[in-house]
Structure formats: C-alpha cells, structure tokens
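Have a look at the structure below, then the notes.
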Amino acid sequence: MKKLLILGAGTSGTMMANHMHKVLPHQEWEISIVDQDETHYYQPGFLFLPFDLIKSKQLKKSIKKFIPEGVHLVHGTIDRIDKEHDQVFLENGMVLSYDILIIATGTHIAPEEIEGMLEDQWQESIFDFYTYKGAVNLRNKLRMWPGGKLVVHISEMPIKCPVAPLEFAFLSDSYFLNKGIREKADITYVTPMSGAFTKPKATEALGHLLEQKNIKLVPDFNIERVDTENNKIIDYGGQEVAYDLLVTVPTNMGDEMVARSGMGDDLNYVPTDKNTLQTKIKDNIFAIGDATDLPASKAGSVAHFESEILTENIQRYIEGKELKKEFDGHTNCFVETGHGKALLIDFNYTQEPVRGVFPFSGVGPLSLLKETHMNHLGKLAFRWIYWNMLIQGKHIPFVTPTMSLAGKEIEESEQVES
Amino acid sequence: MSERTYAEINIDCNEEGYLTDLDQWNKDVAMDIAVEEGIELQEKHWEVLDYIQDQYRKEVPLTIRKIGKSGIVDIKTFYQLFPGGPLKKASRIAGIPKPVSCI
Ligand SMILES: Cc1cc2nc3c(=O)[nH]c(=O)nc-3n(C[C@H](O)[C@H](O)[C@H](O)COP(=O)(O)OP(=O)(O)OC[C@H]3O[C@@H](n4cnc5c(N)ncnc54)[C@H](O)[C@@H]3O)c2cc1C
C-alpha cells in the first residue's frame, strides 16, 4: 500500500481528505490525516461572535464528522517532518511514513511577537478575534462596554482573511448605533498598509466607506510596542495612538512544526510553487491554504480553489506527468459592511478587484465592489456552503477555480504585477 | 510610465517615481532620488540599499520584518535612516519597485 499523509484537518486538510479519497484507488492508497484538535471551527464566524450576531455553538463541529470513512484520522500534535526519510514524528511518539505529504497546518496568531501585547492587559483591554476564545472574551467585553476609544488594529501583514479587521470596524459602527452609544464610541482603524486595503480600486471603495461611517484611518503604522501603562500603541516612527479598547490582529505565523522541520521562511510559511502547489522543499511534499508562502490571500475560498487544482496535480504527480501551472491566486471574498449589507471582491495574482457583477455576466445577482443587501445574504449563505459543500470537497456551482473576467469592468491598465 | 531626470540622465519611472528598470540605476541616480526624499545617503544607507537590491534580484519579497532580521539594521535604525515610510523610500532610492504586501 502507498501512503498519502495530510497534516492538519482544518479547512484545507479536510477538503483534501475528501477529494483524495474520491480519486485515489482504495486498494492502492492509504490516506491518513493528523490534527491536534478534535473540533473544527468555522473561523469566518469569529467575526460575528463579538457582536452577538451568531451563537458560539454554530461555530463548532467535530473534525471527525467531515473525514470520510476509510480515511484514518490521527489525533496528535505534529512534532516535525523528516523529509530525508519521508516520515513525520508526533509528540506522542508515533511515527507516520508517507509516499506523498500534504502540509495544511494553517496559520495562527502570535501576540508574543509584539512587545507589551501579551502582558497583563491581554484579554482585559487588548483583545483578538482570530481565535475562538478571543472572540468569546471580546463578546463578553463588548456587552458591558460603555464606549470610549476603540482601536481596530493590524500588527503586521500578511494575515489570514485580510479584510476581516475592516469588517470588524464596520460591524462595530452598526453595533454601537443599534445600542444607542455610537456617539460615545470613537472608532479608529490602524493599519501597516498605506490605505484601507492594498489593491487600488478596493482601497478607494473601502476607504470611502470608512469615511462615511466616521471611522478614522491611521495608515502606514508599523507597531513597535504596546504601552499598557498609558494605553497607547506606538510605532517604529514614533507615532502614537491611544485606546481604551484595543482589538488587534497580532502577527500571524505558520505552525512551529514547520520551523522544527527546518522548512519555513521567517514567518514559518512553507515555500511553495504559486502555480502548482508543490513545495520547493521536496517533490513529494505539497502544501495548501494558509500554511503556504503564496502571494495570495489566506482565505477559505482561496484554499477551496487551490484544492481543486492540487487534487489534479497530485494525480498527475503519481502518474509521472508534468504538473499543471494552473493556480492563478483566485480570491473571492465578501466584505461585511454593517447594517445588513456587504460587498464582494473577486481577484487574482494579476487582476485587482474591480466593479461588475458575479458570477453571471450581466445578471449577477451579486455585485462586485458595491454595498448591497444581496451580498450580505451571500455572506450568510457562506456558512451553510462551508459546512455542507466546501470542506466536503464538493464543487460550488458556477464558481471556477481560476478567475473569470466575465461581468467585470476591466480597463487595460488594471492588470497589475503581483 | 514617465521619464524623470536624475544624475543628468533620463530614467524611466512609473507615476509614483519608482524606477521601472534597475539597469538604469547607479549611485548618482540614488543620491538624486534621496535628495527628493530629504535623505543624505551615508555608509549605513548604502549597506541597506545593497541588501534590498540583492533580495530583489533573488526575488525574495521584502518586508520590514525581514530587514529587521537581516543583520544589517534593526527596524528602529531602519526608520531613522529612512524616516516616514522606510521600506517605500528605501525601495525607491534602490531603484526597485514599490513593495506590495501580499493579501
Ligand atoms: C476572523 C476570521 C474571519 C475569516 N473570514 C473568512 C471569510 O469570510 N471567508 C474565507 O474564505 N475565509 C475566511 N477566513 C479564513 C479561513 O478561515 C482560513 O483561511 C482557512 O480556515 C484556512 O484553512 P487551513 O486549512 O489552511 O488552516 P486551518 O483551517 O486553520 O487548519 C489548520 C489545522 O492544522 C492543525 N495544526 C496546526 N499545527 C498542528 C500541529 N503541529 N499538530 C497537529 N495539528 C496541527 C490545526 O489544529 C488546524 O486544525 C477567516 C479567518 C478568520 C480568523
């Protein structure tokens, strides 16, 4: 029997287990998947939890439920990969060998990277919403919060779901309005980027929304430390921003396991070919999702597009065929803007987000880069799609893994180099 | 695309003043761009510029973090050398494209 081993049973690993179980002959291939957790979290819901817009139990299901019968689910923490001997060591002493390895260990927050962040004020006046626990604690804090200076902050790029902090700022505007304390809440958005977002068209549209909602923007802010005595964040250039409540997205890093295996970059991301998803480490090691160093957004929708291409490439690798250089960085993501509206962006490595309709040219029903109620319904539907289609490796109708230009308002000059 | 004159030669730049062809770069060009950015280049500046050009040629994406770990400058000094937006300013003076954060 040949062995396919998948590391991590989050969004990407679960999708790959389902895809590969479907395409590999069961009498020739044994598939195993390892995770340290027993719970699969719906991470996009962490954005809604702090505002009481979703119940905590809607975000958690058992990992086991989504792993197809016939695939071995191994519970344990991965210590390291021994690429010379095609083996993986777990902390509990187990050793797993493989013919083909897929790394899908994701990324997580590392608040210890910023001086002062992880001290006495962590989860008191400084919160994250990128973990289940952080989102629950922040919900409890916001329920009682009387108002003051709210600072929504990104520590360092790249982060997963790069629009989530903006959405957090938009949703807090509606939340305080609904509670009748908007005039007591002073909202500031602080980012290391030069504007609300990096791609020009989206930055313009999103920057405009910040203004409309009376949210202050502090761009080009590279945090050096948190001064918890005086409730300020300070950047390397000496800029200071004061807060009463700091909601930050700390530095995101790939798992330590990657560093222990001697394969990551300075943020523990796995060097991976951006078109084939084969790693630059060894030919029989592939990587997908947030764990890679691809210059694409770290998002579930991206991992979904990658999974369709990776499935085909692993089959080609087994057959000794050349891999398809097909992944184009396709990203499709809803941006919740508050008050029951959302906007949708669709882009790839070279095409920045533009206006238009999606997925059907001339019809929509979703609008690109424009706030509509229909887009908000799309975002809500994403949770159902996530649990029932996406992680089970089902193809989502009409949405292609590579980006389509149909329905988009493209100008010649908008093709950018990534 | 536009042309600007640095060190008495015409250099191809984009709208934001970043060189579009590193081959047109030389130290005199760098000094002229630095003047526009309000910076007088000293030895430490050149070391940083060397490093980021080298990374660019190796196609390694640049970040503030990476420069802080380069062993050439720490982040604080990098800010002192190129006040304001250090990575953007240093890239422009080094003749390489404006760094984009991957999203
Ligand atoms: C607040 C928030 C909002 C988001 N909103 C959206 C959205 O609207 N749309 C969208 O598409 N995406 C969104 N995302 C991003 C999306 O959730 C991630 O991109 C996606 O889950 C990535 O999947 P992954 O499998 O690569 O990583 P993960 O799903 O994080 O899975 C990694 C798995 O590896 C396991 N693991 C790691 N290290 C080890 C180890 N050493 N040993 C054993 N197991 C290990 C972990 O336990 C985990 O189960 C959001 C994320 C957040 C945080």
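Starting from 1 in every chain, residues are counted up; chains themselves are A, B, ... following the order of the structure tokens, and ligands are numbered from 1 as listed.
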Chain B: residues DSSP assigns to strand (DSSP E or B), reported as JSON, numbers by chain:
{"B": [2, 3, 4, 5, 6, 9, 10, 11, 12, 13, 19]}
Output the contact residues of chain B with respect to chain A at a cut-off of 12 Å, based on only C-alpha atoms, as a VMD selection string.
chain B and resid 1 59 to 70 74 to 88 97 to 103
Restricting the output to C-alpha atoms, write the selected residues as a PDB file, in the first residue's frame.
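The result, stored in again.pdb:
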ATOM      1  CA  MET B   1       5.065  55.496 -17.393  1.00  0.00           C
ATOM      2  CA  GLU B  59      13.029  37.518  -5.983  1.00  0.00           C
ATOM      3  CA  VAL B  60      12.626  37.467  -2.209  1.00  0.00           C
ATOM      4  CA  PRO B  61       9.669  39.680  -1.239  1.00  0.00           C
ATOM      5  CA  LEU B  62      10.738  42.421   1.174  1.00  0.00           C
ATOM      6  CA  THR B  63       9.100  43.170   4.475  1.00  0.00           C
ATOM      7  CA  ILE B  64      10.055  45.372   7.398  1.00  0.00           C
ATOM      8  CA  ARG B  65      10.399  42.193   9.478  1.00  0.00           C
ATOM      9  CA  LYS B  66      12.889  40.706   7.017  1.00  0.00           C
ATOM     10  CA  ILE B  67      15.013  43.829   7.066  1.00  0.00           C
ATOM     11  CA  GLY B  68      14.958  43.813  10.873  1.00  0.00           C
ATOM     12  CA  LYS B  69      16.311  40.262  10.790  1.00  0.00           C
ATOM     13  CA  SER B  70      18.864  40.897   8.024  1.00  0.00           C
ATOM     14  CA  ASP B  74      17.345  46.752  13.244  1.00  0.00           C
ATOM     15  CA  ILE B  75      13.888  48.132  12.485  1.00  0.00           C
ATOM     16  CA  LYS B  76      14.361  51.172  14.694  1.00  0.00           C
ATOM     17  CA  THR B  77      17.540  52.200  12.844  1.00  0.00           C
ATOM     18  CA  PHE B  78      15.882  51.482   9.506  1.00  0.00           C
ATOM     19  CA  TYR B  79      13.210  54.047  10.456  1.00  0.00           C
ATOM     20  CA  GLN B  80      15.887  56.542  11.461  1.00  0.00           C
ATOM     21  CA  LEU B  81      17.718  56.099   8.158  1.00  0.00           C
ATOM     22  CA  PHE B  82      14.587  56.453   6.021  1.00  0.00           C
ATOM     23  CA  PRO B  83      12.070  58.396   8.151  1.00  0.00           C
ATOM     24  CA  GLY B  84       8.370  58.092   7.284  1.00  0.00           C
ATOM     25  CA  GLY B  85       7.835  55.048   5.103  1.00  0.00           C
ATOM     26  CA  PRO B  86      11.234  53.327   5.276  1.00  0.00           C
ATOM     27  CA  LEU B  87      10.526  50.366   3.023  1.00  0.00           C
ATOM     28  CA  LYS B  88       8.890  52.502   0.347  1.00  0.00           C
ATOM     29  CA  PRO B  97       9.517  48.523  -7.490  1.00  0.00           C
ATOM     30  CA  LYS B  98       7.349  49.676  -4.599  1.00  0.00           C
ATOM     31  CA  PRO B  99       6.891  46.703  -2.270  1.00  0.00           C
ATOM     32  CA  VAL B 100       3.364  45.313  -2.142  1.00  0.00           C
ATOM     33  CA  SER B 101       2.095  43.444   0.863  1.00  0.00           C
ATOM     34  CA  CYS B 102       0.642  40.157  -0.191  1.00  0.00           C
ATOM     35  CA  ILE B 103      -3.005  39.788   0.599  1.00  0.00           C
TER      36      ILE B 103
END
Selection within 7 Å of ligand 1 by only C-alpha atoms and all ligand atoms, output as number ranges by chain:
A: 7-13, 34-37, 40, 42-47, 76-79, 104-107, 129-131, 160-161, 164, 255-257, 288-291, 298-303, 333-334
In stretch 10-119 of chain A, what's alpha helix (DSSP H) per DSSP? Answer as a list in words?
Thr11, Ser12, Gly13, Thr14, Met15, Met16, Ala17, Asn18, His19, Met20, His21, Lys22 and Val23 of chain A
Output file for the selection above: N, CA and C atoms, as a compact mmCIF listing (two decimals), in the first residue's frame:
# COMPACT_ATOMS: atom_id res chain seq x y z
N THR A 11 -9.73 23.64 7.33
CA THR A 11 -10.45 23.82 6.07
C THR A 11 -9.75 23.06 4.92
N SER A 12 -8.44 23.31 4.75
CA SER A 12 -7.74 22.75 3.59
C SER A 12 -7.54 21.24 3.71
N GLY A 13 -7.09 20.79 4.88
CA GLY A 13 -6.82 19.37 5.07
C GLY A 13 -8.07 18.55 4.89
N THR A 14 -9.19 19.02 5.45
CA THR A 14 -10.45 18.30 5.34
C THR A 14 -10.90 18.22 3.88
N MET A 15 -10.75 19.33 3.16
CA MET A 15 -11.13 19.30 1.73
C MET A 15 -10.28 18.28 0.98
N MET A 16 -8.96 18.28 1.26
CA MET A 16 -8.06 17.38 0.54
C MET A 16 -8.35 15.92 0.88
N ALA A 17 -8.71 15.64 2.14
CA ALA A 17 -9.04 14.25 2.52
C ALA A 17 -10.24 13.78 1.70
N ASN A 18 -11.23 14.66 1.56
CA ASN A 18 -12.42 14.29 0.79
C ASN A 18 -12.12 14.12 -0.69
N HIS A 19 -11.38 15.07 -1.25
CA HIS A 19 -11.03 14.98 -2.68
C HIS A 19 -10.21 13.73 -2.98
N MET A 20 -9.16 13.51 -2.18
CA MET A 20 -8.23 12.42 -2.49
C MET A 20 -8.88 11.06 -2.27
N HIS A 21 -9.77 10.98 -1.28
CA HIS A 21 -10.49 9.73 -1.04
C HIS A 21 -11.35 9.37 -2.26
N LYS A 22 -11.86 10.40 -2.91
CA LYS A 22 -12.68 10.17 -4.10
C LYS A 22 -11.86 9.70 -5.30
N VAL A 23 -10.65 10.25 -5.46
CA VAL A 23 -9.93 9.98 -6.71
C VAL A 23 -8.87 8.87 -6.63
Can you tell me which residues surround stretch 134-140 of chain A at a distance of at most 7 Å, considering only C-alpha atoms, apart from same-chain residues fewer than 4 positions away, and format the answer as a PyMOL selection string?
chain A and resi 46+49-52+123+127-130+144
Restricting the output to N, CA, C and O atoms, write the selected residues as a PDB file, in the first residue's frame.
ATOM      1  N   PHE A  46     -15.920  33.871  13.618  1.00  0.00           N
ATOM      2  CA  PHE A  46     -15.270  34.610  14.721  1.00  0.00           C
ATOM      3  C   PHE A  46     -15.484  36.115  14.578  1.00  0.00           C
ATOM      4  O   PHE A  46     -15.398  36.860  15.535  1.00  0.00           O
ATOM      5  N   LEU A  49     -19.184  36.716  16.123  1.00  0.00           N
ATOM      6  CA  LEU A  49     -19.412  36.360  17.519  1.00  0.00           C
ATOM      7  C   LEU A  49     -19.313  37.554  18.487  1.00  0.00           C
ATOM      8  O   LEU A  49     -20.174  37.723  19.348  1.00  0.00           O
ATOM      9  N   PRO A  50     -18.276  38.419  18.356  1.00  0.00           N
ATOM     10  CA  PRO A  50     -18.156  39.536  19.308  1.00  0.00           C
ATOM     11  C   PRO A  50     -19.391  40.448  19.318  1.00  0.00           C
ATOM     12  O   PRO A  50     -19.663  41.116  20.315  1.00  0.00           O
ATOM     13  N   PHE A  51     -20.153  40.480  18.211  1.00  0.00           N
ATOM     14  CA  PHE A  51     -21.316  41.370  18.122  1.00  0.00           C
ATOM     15  C   PHE A  51     -22.627  40.627  18.384  1.00  0.00           C
ATOM     16  O   PHE A  51     -23.696  41.132  18.049  1.00  0.00           O
ATOM     17  N   ASP A  52     -22.522  39.408  18.936  1.00  0.00           N
ATOM     18  CA  ASP A  52     -23.707  38.608  19.220  1.00  0.00           C
ATOM     19  C   ASP A  52     -24.549  38.350  17.969  1.00  0.00           C
ATOM     20  O   ASP A  52     -25.768  38.253  18.048  1.00  0.00           O
ATOM     21  N   GLN A 123      -6.521  40.237  26.866  1.00  0.00           N
ATOM     22  CA  GLN A 123      -7.870  39.760  27.195  1.00  0.00           C
ATOM     23  C   GLN A 123      -8.518  40.572  28.335  1.00  0.00           C
ATOM     24  O   GLN A 123      -9.518  40.145  28.920  1.00  0.00           O
ATOM     25  N   PHE A 127      -7.680  42.748  22.937  1.00  0.00           N
ATOM     26  CA  PHE A 127      -8.329  41.503  22.520  1.00  0.00           C
ATOM     27  C   PHE A 127      -7.974  41.147  21.083  1.00  0.00           C
ATOM     28  O   PHE A 127      -7.630  42.014  20.291  1.00  0.00           O
ATOM     29  N   ASP A 128      -8.141  39.848  20.774  1.00  0.00           N
ATOM     30  CA  ASP A 128      -8.086  39.426  19.372  1.00  0.00           C
ATOM     31  C   ASP A 128      -9.452  38.835  19.053  1.00  0.00           C
ATOM     32  O   ASP A 128     -10.214  38.516  19.956  1.00  0.00           O
ATOM     33  N   PHE A 129      -9.785  38.712  17.772  1.00  0.00           N
ATOM     34  CA  PHE A 129     -10.989  37.930  17.432  1.00  0.00           C
ATOM     35  C   PHE A 129     -10.630  36.852  16.416  1.00  0.00           C
ATOM     36  O   PHE A 129     -11.477  36.356  15.700  1.00  0.00           O
ATOM     37  N   TYR A 130      -9.337  36.472  16.378  1.00  0.00           N
ATOM     38  CA  TYR A 130      -8.881  35.456  15.423  1.00  0.00           C
ATOM     39  C   TYR A 130      -8.836  34.061  16.034  1.00  0.00           C
ATOM     40  O   TYR A 130      -8.459  33.105  15.377  1.00  0.00           O
ATOM     41  N   MET A 144     -20.655  44.768  27.872  1.00  0.00           N
ATOM     42  CA  MET A 144     -20.620  45.674  29.022  1.00  0.00           C
ATOM     43  C   MET A 144     -19.969  47.013  28.706  1.00  0.00           C
ATOM     44  O   MET A 144     -19.940  47.894  29.544  1.00  0.00           O
TER      45      MET A 144
END
Need to verify the contact set: B:Thr20, 8 Å, only C-alpha atoms, exclusion of same-chain residues closer than 4 positions in sequence. Can you return it as a list of chain:residue names?
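Here the answer would be B:Asp12, B:Cys13, B:Asn14, B:Gly95, B:Ile96, B:Pro97.
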Generate a file of the selected residues that holds all heavy atoms, formatted as a PDB file, in the first residue's frame.
ATOM      1  N   ASP B  12      13.486  55.921 -16.812  1.00  0.00           N
ATOM      2  CA  ASP B  12      12.077  55.507 -16.869  1.00  0.00           C
ATOM      3  C   ASP B  12      11.549  55.246 -15.462  1.00  0.00           C
ATOM      4  O   ASP B  12      12.137  54.484 -14.706  1.00  0.00           O
ATOM      5  CB  ASP B  12      11.927  54.214 -17.687  1.00  0.00           C
ATOM      6  CG  ASP B  12      12.367  54.414 -19.130  1.00  0.00           C
ATOM      7  OD1 ASP B  12      12.237  55.547 -19.622  1.00  0.00           O
ATOM      8  OD2 ASP B  12      12.851  53.435 -19.733  1.00  0.00           O
ATOM      9  N   CYS B  13      10.415  55.893 -15.155  1.00  0.00           N
ATOM     10  CA  CYS B  13       9.804  55.718 -13.832  1.00  0.00           C
ATOM     11  C   CYS B  13       8.314  55.491 -14.002  1.00  0.00           C
ATOM     12  O   CYS B  13       7.741  55.846 -15.024  1.00  0.00           O
ATOM     13  CB  CYS B  13       9.970  56.990 -13.002  1.00  0.00           C
ATOM     14  SG  CYS B  13      11.665  57.335 -12.550  1.00  0.00           S
ATOM     15  N   ASN B  14       7.677  54.945 -12.978  1.00  0.00           N
ATOM     16  CA  ASN B  14       6.221  54.884 -13.015  1.00  0.00           C
ATOM     17  C   ASN B  14       5.662  56.187 -12.429  1.00  0.00           C
ATOM     18  O   ASN B  14       6.425  57.083 -12.069  1.00  0.00           O
ATOM     19  CB  ASN B  14       5.708  53.624 -12.303  1.00  0.00           C
ATOM     20  CG  ASN B  14       5.924  53.667 -10.795  1.00  0.00           C
ATOM     21  OD1 ASN B  14       6.303  54.704 -10.238  1.00  0.00           O
ATOM     22  ND2 ASN B  14       5.690  52.568 -10.134  1.00  0.00           N
ATOM     23  N   GLY B  95      16.011  51.816  -6.546  1.00  0.00           N
ATOM     24  CA  GLY B  95      15.645  51.579  -7.944  1.00  0.00           C
ATOM     25  C   GLY B  95      14.815  50.332  -8.183  1.00  0.00           C
ATOM     26  O   GLY B  95      14.717  49.844  -9.301  1.00  0.00           O
ATOM     27  N   ILE B  96      14.199  49.818  -7.122  1.00  0.00           N
ATOM     28  CA  ILE B  96      13.349  48.625  -7.296  1.00  0.00           C
ATOM     29  C   ILE B  96      11.874  49.016  -7.130  1.00  0.00           C
ATOM     30  O   ILE B  96      11.572  50.087  -6.607  1.00  0.00           O
ATOM     31  CB  ILE B  96      13.736  47.504  -6.293  1.00  0.00           C
ATOM     32  CG1 ILE B  96      13.403  47.898  -4.855  1.00  0.00           C
ATOM     33  CG2 ILE B  96      15.223  47.155  -6.423  1.00  0.00           C
ATOM     34  CD1 ILE B  96      13.447  46.741  -3.885  1.00  0.00           C
ATOM     35  N   PRO B  97      10.928  48.152  -7.575  1.00  0.00           N
ATOM     36  CA  PRO B  97       9.517  48.523  -7.490  1.00  0.00           C
ATOM     37  C   PRO B  97       9.038  48.705  -6.041  1.00  0.00           C
ATOM     38  O   PRO B  97       9.632  48.164  -5.108  1.00  0.00           O
ATOM     39  CB  PRO B  97       8.793  47.336  -8.123  1.00  0.00           C
ATOM     40  CG  PRO B  97       9.816  46.597  -8.899  1.00  0.00           C
ATOM     41  CD  PRO B  97      11.121  46.852  -8.235  1.00  0.00           C
TER      42      PRO B  97
END
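Of the residues under consideration (A:Glu319, A:Glu326, A:Glu204, A:Asp273), A:Glu204 shows the shortest atom-to-atom contact distance to A:Pro353 when counting only C-alpha atoms.
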Stretch 64-66 of chain A: which residues within 8 Å, counting only C-alpha atoms, same-chain residues fewer than 4 positions away excluded, as a list in words?
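In the requested format, the answer is Thr14, Glu38, Leu73, Ile391 and Gln392 of chain A.
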Taking C-alpha atoms for each residue, export the selection above as an mmCIF file, in the first residue's frame.
data_model
loop_
_atom_site.group_PDB
_atom_site.id
_atom_site.type_symbol
_atom_site.label_atom_id
_atom_site.label_comp_id
_atom_site.auth_asym_id
_atom_site.auth_seq_id
_atom_site.Cartn_x
_atom_site.Cartn_y
_atom_site.Cartn_z
ATOM 1 C CA THR A 14 -10.452 18.296 5.340
ATOM 2 C CA GLU A 38 -10.995 17.411 17.897
ATOM 3 C CA LEU A 73 -7.926 10.296 11.421
ATOM 4 C CA ILE A 391 -14.983 21.334 3.324
ATOM 5 C CA GLN A 392 -16.604 18.198 1.959
#
For atom CA of A:Ile215 and atom CA of A:Val335, quote the distance in Å rounded to one decimal.
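The value is 16.2 Å.
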Atom-to-atom span, atom CA of A:Lys184 and atom CA of A:Gly148, Å:
6.0 Å
Between B:Glu16, B:Ile93, B:Asp23, B:Ala7, which has the minimum distance to B:Glu40 (counting only C-alpha atoms)?
B:Ile93
Pick out the residues sitting within 12 Å of B:Ile33, and hand them over as a list in words; count only C-alpha atoms, and ignore anything fewer than 5 positions along from it in its own chain.
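Listing them by chain and then by number gives Arg4, Thr5, Tyr6, Ala7, Ile11, Cys13, Gly17, Tyr18, Leu19, Trp25, Asn26, Lys27, Asp28, Gly38, Ile39, Glu40, Leu41, Lys89, Ala90, Ser91, Arg92, Ile93, Ala94 and Gly95 of chain B.
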Could you take the residues named above and write them with N, CA, C and O atoms, as a CSV table (one decimal), in the first residue's frame?
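As a result, result-v6.csv now contains:
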chain,number,residue,atom,x,y,z
B,4,ARG,N,12.0,60.7,-15.9
B,4,ARG,CA,12.5,61.8,-15.0
B,4,ARG,C,14.0,61.9,-15.2
B,4,ARG,O,14.6,60.9,-15.6
B,5,THR,N,14.5,63.1,-14.8
B,5,THR,CA,15.9,63.2,-15.0
B,5,THR,C,16.6,63.1,-13.6
B,5,THR,O,16.4,63.9,-12.7
B,6,TYR,N,17.5,62.2,-13.5
B,6,TYR,CA,18.3,62.0,-12.3
B,6,TYR,C,19.8,61.9,-12.8
B,6,TYR,O,20.1,61.2,-13.8
B,7,ALA,N,20.7,62.5,-12.1
B,7,ALA,CA,22.1,62.5,-12.4
B,7,ALA,C,22.3,62.8,-13.9
B,7,ALA,O,23.1,62.2,-14.6
B,11,ILE,N,15.5,58.8,-17.0
B,11,ILE,CA,15.3,57.5,-16.4
B,11,ILE,C,13.8,57.2,-16.4
B,11,ILE,O,13.0,58.0,-16.2
B,13,CYS,N,10.4,55.9,-15.2
B,13,CYS,CA,9.8,55.7,-13.8
B,13,CYS,C,8.3,55.5,-14.0
B,13,CYS,O,7.7,55.8,-15.0
B,17,GLY,N,7.1,57.5,-9.3
B,17,GLY,CA,8.5,57.8,-9.2
B,17,GLY,C,9.4,56.6,-8.9
B,17,GLY,O,10.6,56.8,-8.5
B,18,TYR,N,8.9,55.4,-9.1
B,18,TYR,CA,9.8,54.2,-8.9
B,18,TYR,C,10.4,53.8,-10.2
B,18,TYR,O,9.7,53.8,-11.2
B,19,LEU,N,11.7,53.5,-10.2
B,19,LEU,CA,12.3,53.1,-11.5
B,19,LEU,C,11.6,51.8,-12.0
B,19,LEU,O,11.2,51.0,-11.3
B,25,TRP,N,19.8,52.2,-13.0
B,25,TRP,CA,20.2,52.8,-11.7
B,25,TRP,C,21.7,52.9,-11.5
B,25,TRP,O,22.5,52.0,-12.0
B,26,ASN,N,22.2,53.9,-10.9
B,26,ASN,CA,23.6,53.9,-10.4
B,26,ASN,C,23.6,54.8,-9.2
B,26,ASN,O,22.6,55.4,-8.8
B,27,LYS,N,24.8,54.9,-8.5
B,27,LYS,CA,24.8,55.6,-7.2
B,27,LYS,C,24.5,57.1,-7.3
B,27,LYS,O,23.9,57.6,-6.4
B,28,ASP,N,24.8,57.7,-8.4
B,28,ASP,CA,24.4,59.1,-8.6
B,28,ASP,C,22.9,59.3,-8.7
B,28,ASP,O,22.4,60.2,-8.1
B,38,GLY,N,14.5,63.8,0.9
B,38,GLY,CA,15.0,64.5,2.0
B,38,GLY,C,16.0,63.7,2.8
B,38,GLY,O,16.2,63.9,4.0
B,39,ILE,N,16.8,62.9,2.1
B,39,ILE,CA,17.7,62.0,2.8
B,39,ILE,C,19.1,62.2,2.2
B,39,ILE,O,19.3,62.2,1.0
B,40,GLU,N,20.1,62.3,3.1
B,40,GLU,CA,21.5,62.4,2.6
B,40,GLU,C,22.1,61.0,2.9
B,40,GLU,O,22.2,60.5,4.0
B,41,LEU,N,22.6,60.3,1.8
B,41,LEU,CA,23.0,58.9,1.9
B,41,LEU,C,24.4,58.8,2.6
B,41,LEU,O,25.3,59.4,2.2
B,89,LYS,N,10.5,54.2,0.8
B,89,LYS,CA,11.6,55.2,0.4
B,89,LYS,C,12.8,54.5,0.0
B,89,LYS,O,13.5,54.8,-1.0
B,90,ALA,N,13.2,53.5,0.8
B,90,ALA,CA,14.5,52.7,0.5
B,90,ALA,C,14.3,52.0,-0.8
B,90,ALA,O,15.3,52.0,-1.6
B,91,SER,N,13.2,51.5,-1.1
B,91,SER,CA,13.0,50.8,-2.4
B,91,SER,C,13.1,51.8,-3.6
B,91,SER,O,13.7,51.5,-4.6
B,92,ARG,N,12.5,52.9,-3.4
B,92,ARG,CA,12.6,53.9,-4.5
B,92,ARG,C,14.0,54.4,-4.7
B,92,ARG,O,14.4,54.4,-5.9
B,93,ILE,N,14.7,54.6,-3.7
B,93,ILE,CA,16.1,55.0,-3.8
B,93,ILE,C,17.0,53.9,-4.4
B,93,ILE,O,17.9,54.1,-5.2
B,94,ALA,N,16.6,52.6,-4.1
B,94,ALA,CA,17.4,51.5,-4.6
B,94,ALA,C,17.0,51.1,-6.0
B,94,ALA,O,17.6,50.2,-6.6
B,95,GLY,N,16.0,51.8,-6.5
B,95,GLY,CA,15.6,51.6,-7.9
B,95,GLY,C,14.8,50.3,-8.2
B,95,GLY,O,14.7,49.8,-9.3
Computed interatomic separation between atom CA of A:Glu28 and atom CA of A:Asn284 (Å)
17.0 Å
Near A:Gln278, counting only C-alpha atoms, which residues have an atom at most 9 Å away, once you skip same-chain residues fewer than 4 positions from it, shown as a list in words?
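The residues satisfying every condition are Pro271, Thr272, Asp273, Lys274, Lys282, Asp283, Asn284, Ile285, Phe286, Ala287, Ile288, Leu310, Asn313, Ile314 and Leu323 of chain A.
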